[in-house]
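First comes the structure, then the notes that go with it.
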Amino acid sequence: MKVFRGWENIRLIVKIYGIAILLFFLFRLILFFTGIGNIGNIPDSASDIAKAFVMGVRFDVVISGYLLVIPYLVITTMFLINRWNRIATQAVFYFVFAVFTVSFLVCAVDVPYFNQFFSRFTISAFQWFDSPVFVFRMIVEEPAYWIYILPFVFLTLVFYRLLRLAFAGVERTQVTERSLVLKVMVSLVFLGVMFAGVRGRLAKKSPIKVGTAYVTDNAFLNQLGLNPVFTLMQSYLENLDKRNQAIRMVDEKVAISKVQQYLGIEAANPYYPLYRMVTPETVANVRPNVVIVIMESMAASKMKRNGETENLTPFLDSLALNSYYFDSIYTAGIHTFNGIFSTLFSYPAIFRQQPMRESRILKYNGISNTLKKLGYSTTYITTHDGQFDNVQGFLSTNDFDRIITEDDYPSDEVKTTLGVPDDYMFRYSIPVLNSLHQQGKPFLTVFMTASNHGPYYLPDYFKPHSGEIRNQMIEYSDWSLRQFIKKAEKQELFANTLFVFVADHGIHKKRSYDISLEYHHTPLIFYAPHLLKESRIFNCIGGQIDVYPTIMGILKQPWINNTSGIDLLKETRPYIMVNSIDNFGVIGKEFFLIVKHDGSSKLFRYKNRSMKDYSREFPEIKRQMDEYARCNLQVFQYINDNRRQFVK
């Protein structure tokens, strides 16, 4: 028997880290040179190239940490008992060699895969495995694929040799006695360092995500920083997640035909089922700025005009009387990511699906894309970590020029996990908006507030009149909006800016139905006193998915509508869909249909809060509402499955 000297458990793992990261770097270098045509001017992009490779090391550390945790625990156990076991060490050696060999194989396969699909390797690559013979022949018959076998074989042999040398160092160790307590403490500290590396980020709100790699304006360099083993693992985990399970509610052809009828699409585009070219009767010469404020948890029920007696939202209530106010608007889902996605891209929520998931970032014809084509700059501003819900990566892919997050604010202004208070975000944004205005072209700026969500932080300088903390935060959120508009009114940009206020979702005091209407009912306000000459209140049914098309109607610019949304100023819809995890609801002017995950459903007259099920009295209305929702949801699933959401 031999024993350990020094800290051989840590030394060995550090050596393996170094070897693995070096080889991952070489595979990334191969990808870089095969895709170098995507960069353009290399000298001007030197800084971004360096960022991509540094980011790559971060992702390589994450994967290496995942693969080395078990070997470290085995080696450390032997180290702590001061006994080296040859069989156990050999087992660790072959385990490390095997898992990293598979990882290097993924890296080798990723290069031609990326060059073909411009996407890092994910589980979607295995969709072809139902035709293995075809795939094998396709690979064999294309010599360009063979070349990537050579670096894989060579680097695997290099890895084997270097790994042998690393383990040989352990086998030659001699005994040096150390305190068991010291050995345990140091070993635990290093294990903590490994877990920090696996997490990839020190920020509390979210670990490293695909979107973390999006640090440049170049799509190729953003993806270069990723590790294909990471994207493969992430996509596999997402595939297991019920949130991302595809729905099959209606035959796709039937659904498409029905939805086209609902939307009045006569000359259907064979590739884009929701395609409508929208040309206003008169195209406006001036293009106003657009500022969208997505308000955290700001339920319509919190407004005095909707029955709240504590006067929690005096500003929003006053704004409703001096704007275009829509009183029957509903959020698509119950999560913030639903609110952001449906408001900006005009598609419904589908049960647990996360449309901004990180391993399969799709591009949509959202408001950012449309306005960029019209010469707008695009900015997204939030109070907290941009990696949460993969918002930063998703919006960067979807034509947002700049994302302002917690990292951009002074550290002493960050008060909780949710970052800076709302009013500070708005104060910080005024110079940003002025700078955008001074560029001489219109801008789109989207705000996502957060203070009306726990953990709550109420600034000392705000004095609420309510005693309950949740109500105090609603008061503060409303006050912050007032401060923002008061400051904006003093700016030159104000006269030519359309302000839009909508909630990401609401909150509920009590649950009267299986799907809480309070959780979905949102105020929708279009405020532009210099552009909208009169105040109006609209009673039509609508949703977050109609915000973007309605904005385009107000702007009076030609555009392509490839979404589920409509212009509420010119079009009407009979119903709007809402989703609540496993259930979906359909809301009309009179009835509210709730369909549960087991297929059972009930029809309510919700205006008078009736709990009676009217399914038997109005079977045809129930059928129509059910069909409307199922067809709309199925069409969106079809669009995503077939990647038909983006029109170039």
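So you can find residues: chains in the structure tokens are A, B, ... in the order shown, residues in each start at 1, and ligands are numbered from 1 in order.
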
Please list as a VMD selection string every residue within 7 Å of stretch 481-483 of chain A, counting only C-alpha atoms and excluding residues in the same chain fewer than 4 positions away. chain A and resid 315 477 487

Using 12 Å as the limit and counting only C-alpha atoms, can you tabulate each residue of stretch 433-536 of chain A that touches stretch 594-603 of chain A, with its shortest atom-to-atom distance in Å and the two atoms involved, as CSV?
```
residue,atom,partner,partner_atom,distance
A:Tyr513,CA,A:Ile594,CA,8.5
A:Asp514,CA,A:Ile594,CA,7.4
A:Ile515,CA,A:Ile594,CA,7.1
A:Ser516,CA,A:Ile594,CA,10.3
A:Leu517,CA,A:Ile594,CA,10.8
```

For the residues selected in the previous step, produce a file with N, CA and C atoms as a PDB file, in the first residue's frame.
```
ATOM      1  N   TYR A 513     -62.572  30.870  -9.295  1.00  0.00           N
ATOM      2  CA  TYR A 513     -62.620  29.833 -10.330  1.00  0.00           C
ATOM      3  C   TYR A 513     -61.307  29.055 -10.328  1.00  0.00           C
ATOM      4  N   ASP A 514     -61.295  27.927 -11.026  1.00  0.00           N
ATOM      5  CA  ASP A 514     -60.070  27.130 -11.106  1.00  0.00           C
ATOM      6  C   ASP A 514     -58.942  27.894 -11.796  1.00  0.00           C
ATOM      7  N   ILE A 515     -59.297  28.823 -12.659  1.00  0.00           N
ATOM      8  CA  ILE A 515     -58.338  29.773 -13.218  1.00  0.00           C
ATOM      9  C   ILE A 515     -58.747  31.152 -12.711  1.00  0.00           C
ATOM     10  N   SER A 516     -57.859  31.798 -12.000  1.00  0.00           N
ATOM     11  CA  SER A 516     -58.181  33.085 -11.386  1.00  0.00           C
ATOM     12  C   SER A 516     -58.211  34.184 -12.445  1.00  0.00           C
ATOM     13  N   LEU A 517     -59.358  34.819 -12.602  1.00  0.00           N
ATOM     14  CA  LEU A 517     -59.458  35.928 -13.549  1.00  0.00           C
ATOM     15  C   LEU A 517     -58.592  37.096 -13.120  1.00  0.00           C
TER      16      LEU A 517
END
```

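Of the listed residues A:Leu226, A:Leu221, A:Val647, A:Ala20, the one whose atoms come nearest to A:Asn365 is A:Val647, with distances taken using only C-alpha atoms.
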
Nearby residues (only C-alpha atoms) at most 8 Å from A:Thr405, same-chain spacing under 2 positions excluded, as a ChimeraX atom specification: /A:381-386,403,407-409

For the residues selected in the previous step, produce a file with N, CA and C atoms as an mmCIF file, in the first residue's frame.
```
data_model
loop_
_atom_site.group_PDB
_atom_site.id
_atom_site.type_symbol
_atom_site.label_atom_id
_atom_site.label_comp_id
_atom_site.auth_asym_id
_atom_site.auth_seq_id
_atom_site.Cartn_x
_atom_site.Cartn_y
_atom_site.Cartn_z
ATOM 1 N N ILE A 381 -34.886 47.143 -20.754
ATOM 2 C CA ILE A 381 -34.345 47.540 -19.453
ATOM 3 C C ILE A 381 -35.103 46.814 -18.343
ATOM 4 N N THR A 382 -34.368 46.167 -17.460
ATOM 5 C CA THR A 382 -34.985 45.505 -16.311
ATOM 6 C C THR A 382 -34.210 45.857 -15.057
ATOM 7 N N THR A 383 -34.748 45.500 -13.916
ATOM 8 C CA THR A 383 -34.107 45.842 -12.643
ATOM 9 C C THR A 383 -33.080 44.812 -12.207
ATOM 10 N N HIS A 384 -33.194 43.591 -12.705
ATOM 11 C CA HIS A 384 -32.422 42.499 -12.108
ATOM 12 C C HIS A 384 -31.568 41.742 -13.121
ATOM 13 N N ASP A 385 -31.173 40.552 -12.742
ATOM 14 C CA ASP A 385 -30.286 39.703 -13.532
ATOM 15 C C ASP A 385 -30.920 39.364 -14.876
ATOM 16 N N GLY A 386 -30.245 39.688 -15.953
ATOM 17 C CA GLY A 386 -30.787 39.430 -17.283
ATOM 18 C C GLY A 386 -30.806 37.973 -17.669
ATOM 19 N N ILE A 403 -29.402 45.436 -23.902
ATOM 20 C CA ILE A 403 -30.126 44.911 -22.745
ATOM 21 C C ILE A 403 -29.487 45.508 -21.491
ATOM 22 N N ASP A 407 -26.333 44.321 -13.862
ATOM 23 C CA ASP A 407 -24.894 44.538 -14.015
ATOM 24 C C ASP A 407 -24.553 45.969 -14.411
ATOM 25 N N ASP A 408 -25.512 46.691 -14.973
ATOM 26 C CA ASP A 408 -25.250 48.053 -15.443
ATOM 27 C C ASP A 408 -25.431 49.111 -14.354
ATOM 28 N N TYR A 409 -26.059 48.734 -13.236
ATOM 29 C CA TYR A 409 -26.330 49.710 -12.178
ATOM 30 C C TYR A 409 -25.202 49.719 -11.143
#
```

List the neighbours of A:Gln544 out to 7 Å using only C-alpha atoms; skip same-chain residues closer than 6 positions along the sequence, and give me the result as JSON, numbers by chain. {"A": [330, 331, 332, 342, 343, 346]}

Can you list, as a PyMOL selection string, every protein, DNA or RNA residue that comes within 6 Å of stretch 58-64 of chain A when you count only C-alpha atoms, leaving out same-chain residues fewer than 5 positions away? chain A and resi 21+197-198+200+227

If you run DSSP on the backbone, which residues of stretch 166-345 of chain A are alpha helix (DSSP H), as JSON, numbers by chain? {"A": [166, 167, 168, 169, 170, 171, 180, 181, 182, 183, 184, 185, 186, 187, 188, 189, 190, 191, 192, 193, 194, 195, 196, 197, 198, 199, 219, 220, 221, 222, 223, 224, 228, 229, 230, 231, 232, 233, 234, 235, 236, 237, 238, 239, 240, 252, 253, 254, 255, 256, 257, 258, 259, 260, 261, 262, 314, 315, 316, 317, 318, 319, 320, 336, 337, 338, 339, 340, 341, 342, 343, 344, 345]}

Residues from last step as file, C-alpha atoms, as a PDB file, in the first residue's frame:
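Saved to selection.pdb:
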```pdb
ATOM      1  CA  ALA A 166      -1.446  12.845 -14.338  1.00  0.00           C
ATOM      2  CA  PHE A 167      -2.470   9.598 -12.648  1.00  0.00           C
ATOM      3  CA  ALA A 168       1.116   8.315 -12.647  1.00  0.00           C
ATOM      4  CA  GLY A 169       1.975  11.236 -10.380  1.00  0.00           C
ATOM      5  CA  VAL A 170      -0.542   9.990  -7.840  1.00  0.00           C
ATOM      6  CA  GLU A 171       0.794   6.450  -7.934  1.00  0.00           C
ATOM      7  CA  LEU A 180      -7.500  14.939   9.287  1.00  0.00           C
ATOM      8  CA  VAL A 181      -9.498  18.053  10.188  1.00  0.00           C
ATOM      9  CA  LEU A 182      -7.288  20.191   7.947  1.00  0.00           C
ATOM     10  CA  LYS A 183      -7.580  17.703   5.084  1.00  0.00           C
ATOM     11  CA  VAL A 184     -11.376  17.612   5.386  1.00  0.00           C
ATOM     12  CA  MET A 185     -11.661  21.400   5.528  1.00  0.00           C
ATOM     13  CA  VAL A 186      -9.402  22.032   2.535  1.00  0.00           C
ATOM     14  CA  SER A 187     -11.091  19.271   0.530  1.00  0.00           C
ATOM     15  CA  LEU A 188     -14.547  20.717   1.260  1.00  0.00           C
ATOM     16  CA  VAL A 189     -13.405  24.190   0.260  1.00  0.00           C
ATOM     17  CA  PHE A 190     -12.161  22.857  -3.076  1.00  0.00           C
ATOM     18  CA  LEU A 191     -15.430  20.967  -3.550  1.00  0.00           C
ATOM     19  CA  GLY A 192     -17.230  24.275  -3.021  1.00  0.00           C
ATOM     20  CA  VAL A 193     -15.021  25.853  -5.669  1.00  0.00           C
ATOM     21  CA  MET A 194     -15.951  23.025  -8.037  1.00  0.00           C
ATOM     22  CA  PHE A 195     -19.662  23.567  -7.420  1.00  0.00           C
ATOM     23  CA  ALA A 196     -19.200  27.300  -8.045  1.00  0.00           C
ATOM     24  CA  GLY A 197     -17.556  26.378 -11.338  1.00  0.00           C
ATOM     25  CA  VAL A 198     -20.441  24.054 -12.207  1.00  0.00           C
ATOM     26  CA  ARG A 199     -22.918  26.842 -11.493  1.00  0.00           C
ATOM     27  CA  ALA A 219     -24.378  35.704 -33.687  1.00  0.00           C
ATOM     28  CA  PHE A 220     -21.491  33.378 -34.560  1.00  0.00           C
ATOM     29  CA  LEU A 221     -19.241  34.639 -31.766  1.00  0.00           C
ATOM     30  CA  ASN A 222     -22.103  34.418 -29.272  1.00  0.00           C
ATOM     31  CA  GLN A 223     -22.510  30.732 -30.056  1.00  0.00           C
ATOM     32  CA  LEU A 224     -18.752  30.131 -30.259  1.00  0.00           C
ATOM     33  CA  PRO A 228     -21.838  21.662 -27.174  1.00  0.00           C
ATOM     34  CA  VAL A 229     -21.916  19.202 -24.285  1.00  0.00           C
ATOM     35  CA  PHE A 230     -23.625  21.918 -22.252  1.00  0.00           C
ATOM     36  CA  THR A 231     -26.222  22.638 -24.947  1.00  0.00           C
ATOM     37  CA  LEU A 232     -26.831  18.900 -25.396  1.00  0.00           C
ATOM     38  CA  MET A 233     -27.331  18.340 -21.666  1.00  0.00           C
ATOM     39  CA  GLN A 234     -29.514  21.434 -21.346  1.00  0.00           C
ATOM     40  CA  SER A 235     -31.727  20.455 -24.266  1.00  0.00           C
ATOM     41  CA  TYR A 236     -32.088  16.928 -22.846  1.00  0.00           C
ATOM     42  CA  LEU A 237     -33.201  18.266 -19.475  1.00  0.00           C
ATOM     43  CA  GLU A 238     -35.608  20.655 -21.189  1.00  0.00           C
ATOM     44  CA  ASN A 239     -37.012  17.769 -23.193  1.00  0.00           C
ATOM     45  CA  LEU A 240     -37.808  15.960 -19.928  1.00  0.00           C
ATOM     46  CA  GLU A 252     -52.932  20.742 -37.601  1.00  0.00           C
ATOM     47  CA  LYS A 253     -54.618  21.277 -40.969  1.00  0.00           C
ATOM     48  CA  VAL A 254     -57.997  21.761 -39.337  1.00  0.00           C
ATOM     49  CA  ALA A 255     -56.509  24.159 -36.775  1.00  0.00           C
ATOM     50  CA  ILE A 256     -54.759  26.240 -39.428  1.00  0.00           C
ATOM     51  CA  SER A 257     -57.896  26.492 -41.534  1.00  0.00           C
ATOM     52  CA  LYS A 258     -60.015  27.544 -38.545  1.00  0.00           C
ATOM     53  CA  VAL A 259     -57.556  30.159 -37.295  1.00  0.00           C
ATOM     54  CA  GLN A 260     -57.233  31.629 -40.761  1.00  0.00           C
ATOM     55  CA  GLN A 261     -61.022  32.014 -40.758  1.00  0.00           C
ATOM     56  CA  TYR A 262     -60.929  33.659 -37.324  1.00  0.00           C
ATOM     57  CA  PRO A 314     -53.966  56.794  -8.208  1.00  0.00           C
ATOM     58  CA  PHE A 315     -51.574  57.361 -11.109  1.00  0.00           C
ATOM     59  CA  LEU A 316     -52.795  54.470 -13.266  1.00  0.00           C
ATOM     60  CA  ASP A 317     -56.394  55.444 -12.513  1.00  0.00           C
ATOM     61  CA  SER A 318     -55.736  59.017 -13.615  1.00  0.00           C
ATOM     62  CA  LEU A 319     -53.848  57.807 -16.682  1.00  0.00           C
ATOM     63  CA  ALA A 320     -56.805  55.635 -17.695  1.00  0.00           C
ATOM     64  CA  THR A 336     -43.259  36.836 -16.216  1.00  0.00           C
ATOM     65  CA  PHE A 337     -41.703  35.084 -19.197  1.00  0.00           C
ATOM     66  CA  ASN A 338     -45.225  34.565 -20.590  1.00  0.00           C
ATOM     67  CA  GLY A 339     -45.898  38.263 -20.203  1.00  0.00           C
ATOM     68  CA  ILE A 340     -42.684  39.367 -21.894  1.00  0.00           C
ATOM     69  CA  PHE A 341     -43.026  36.896 -24.746  1.00  0.00           C
ATOM     70  CA  SER A 342     -46.716  37.394 -25.486  1.00  0.00           C
ATOM     71  CA  THR A 343     -46.546  41.182 -25.238  1.00  0.00           C
ATOM     72  CA  LEU A 344     -43.537  41.552 -27.536  1.00  0.00           C
ATOM     73  CA  PHE A 345     -44.132  38.658 -29.940  1.00  0.00           C
TER      74      PHE A 345
END
```

DSSP strand (DSSP E) residues within stretch 263-300 of chain A, as a PyMOL selection string: chain A and resi 276-278+289-295

Nearest residue to A:Ile554 from the set A:Thr497, A:Gln491, A:Thr77, A:Asn640 (distances using only C-alpha atoms):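 So, comparing all the options, the nearest one is A:Thr497.
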
A:Val286 surroundings by only C-alpha atoms, 10 Å radius, close-in-sequence under 6 positions cut, as a PDB file with C-alpha atoms, in the first residue's frame:
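Okay, result.pdb is ready:
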```
ATOM      1  CA  PRO A 442     -36.970  56.620 -33.365  1.00  0.00           C
ATOM      2  CA  ASN A 496     -43.252  62.146 -29.980  1.00  0.00           C
ATOM      3  CA  LEU A 555     -47.932  54.061 -35.710  1.00  0.00           C
ATOM      4  CA  LYS A 556     -49.628  53.749 -39.135  1.00  0.00           C
ATOM      5  CA  GLN A 557     -46.727  51.947 -40.757  1.00  0.00           C
TER       6      GLN A 557
END
```

Between atom CA of A:Asp504 and atom CA of A:Gln637 - distance in Å to one decimal: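 Spanning atom CA of A:Gln637 to atom CA of A:Asp504 is a straight-line distance of 21.5 Å.
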
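Taking atom CA of A:Ile537 and atom CA of A:Leu524 as endpoints, the distance between them is 10.3 Å.
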
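With only C-alpha atoms as the basis for measurement, A:Glu492 is the residue among A:Asp460, A:Glu492, A:Asp613, A:Glu475 that approaches A:Pro431 most closely.
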
Tell me, as a PDB file with N, CA and C atoms, in the first residue's frame, which residues lie within 7 Å of A:Gly333, counting only C-alpha atoms; anything in the same chain fewer than 3 positions away does not count.
```
ATOM      1  N   ASN A 338     -44.040  34.536 -19.732  1.00  0.00           N
ATOM      2  CA  ASN A 338     -45.225  34.565 -20.590  1.00  0.00           C
ATOM      3  C   ASN A 338     -45.567  35.996 -20.971  1.00  0.00           C
ATOM      4  N   GLY A 339     -45.536  36.879 -19.961  1.00  0.00           N
ATOM      5  CA  GLY A 339     -45.898  38.263 -20.203  1.00  0.00           C
ATOM      6  C   GLY A 339     -44.961  38.955 -21.165  1.00  0.00           C
ATOM      7  N   ALA A 349     -49.656  31.623 -24.648  1.00  0.00           N
ATOM      8  CA  ALA A 349     -48.899  30.717 -23.782  1.00  0.00           C
ATOM      9  C   ALA A 349     -49.463  29.311 -23.939  1.00  0.00           C
ATOM     10  N   HIS A 505     -48.584  39.776 -15.576  1.00  0.00           N
ATOM     11  CA  HIS A 505     -49.702  38.954 -15.080  1.00  0.00           C
ATOM     12  C   HIS A 505     -50.254  39.700 -13.873  1.00  0.00           C
ATOM     13  N   VAL A 578     -56.383  32.087 -22.128  1.00  0.00           N
ATOM     14  CA  VAL A 578     -55.450  32.232 -21.016  1.00  0.00           C
ATOM     15  C   VAL A 578     -55.003  30.842 -20.591  1.00  0.00           C
ATOM     16  N   ASN A 579     -53.771  30.759 -20.082  1.00  0.00           N
ATOM     17  CA  ASN A 579     -53.228  29.477 -19.655  1.00  0.00           C
ATOM     18  C   ASN A 579     -52.787  29.528 -18.214  1.00  0.00           C
ATOM     19  N   SER A 580     -53.039  28.449 -17.482  1.00  0.00           N
ATOM     20  CA  SER A 580     -52.651  28.361 -16.080  1.00  0.00           C
ATOM     21  C   SER A 580     -52.050  26.987 -15.815  1.00  0.00           C
TER      22      SER A 580
END
```
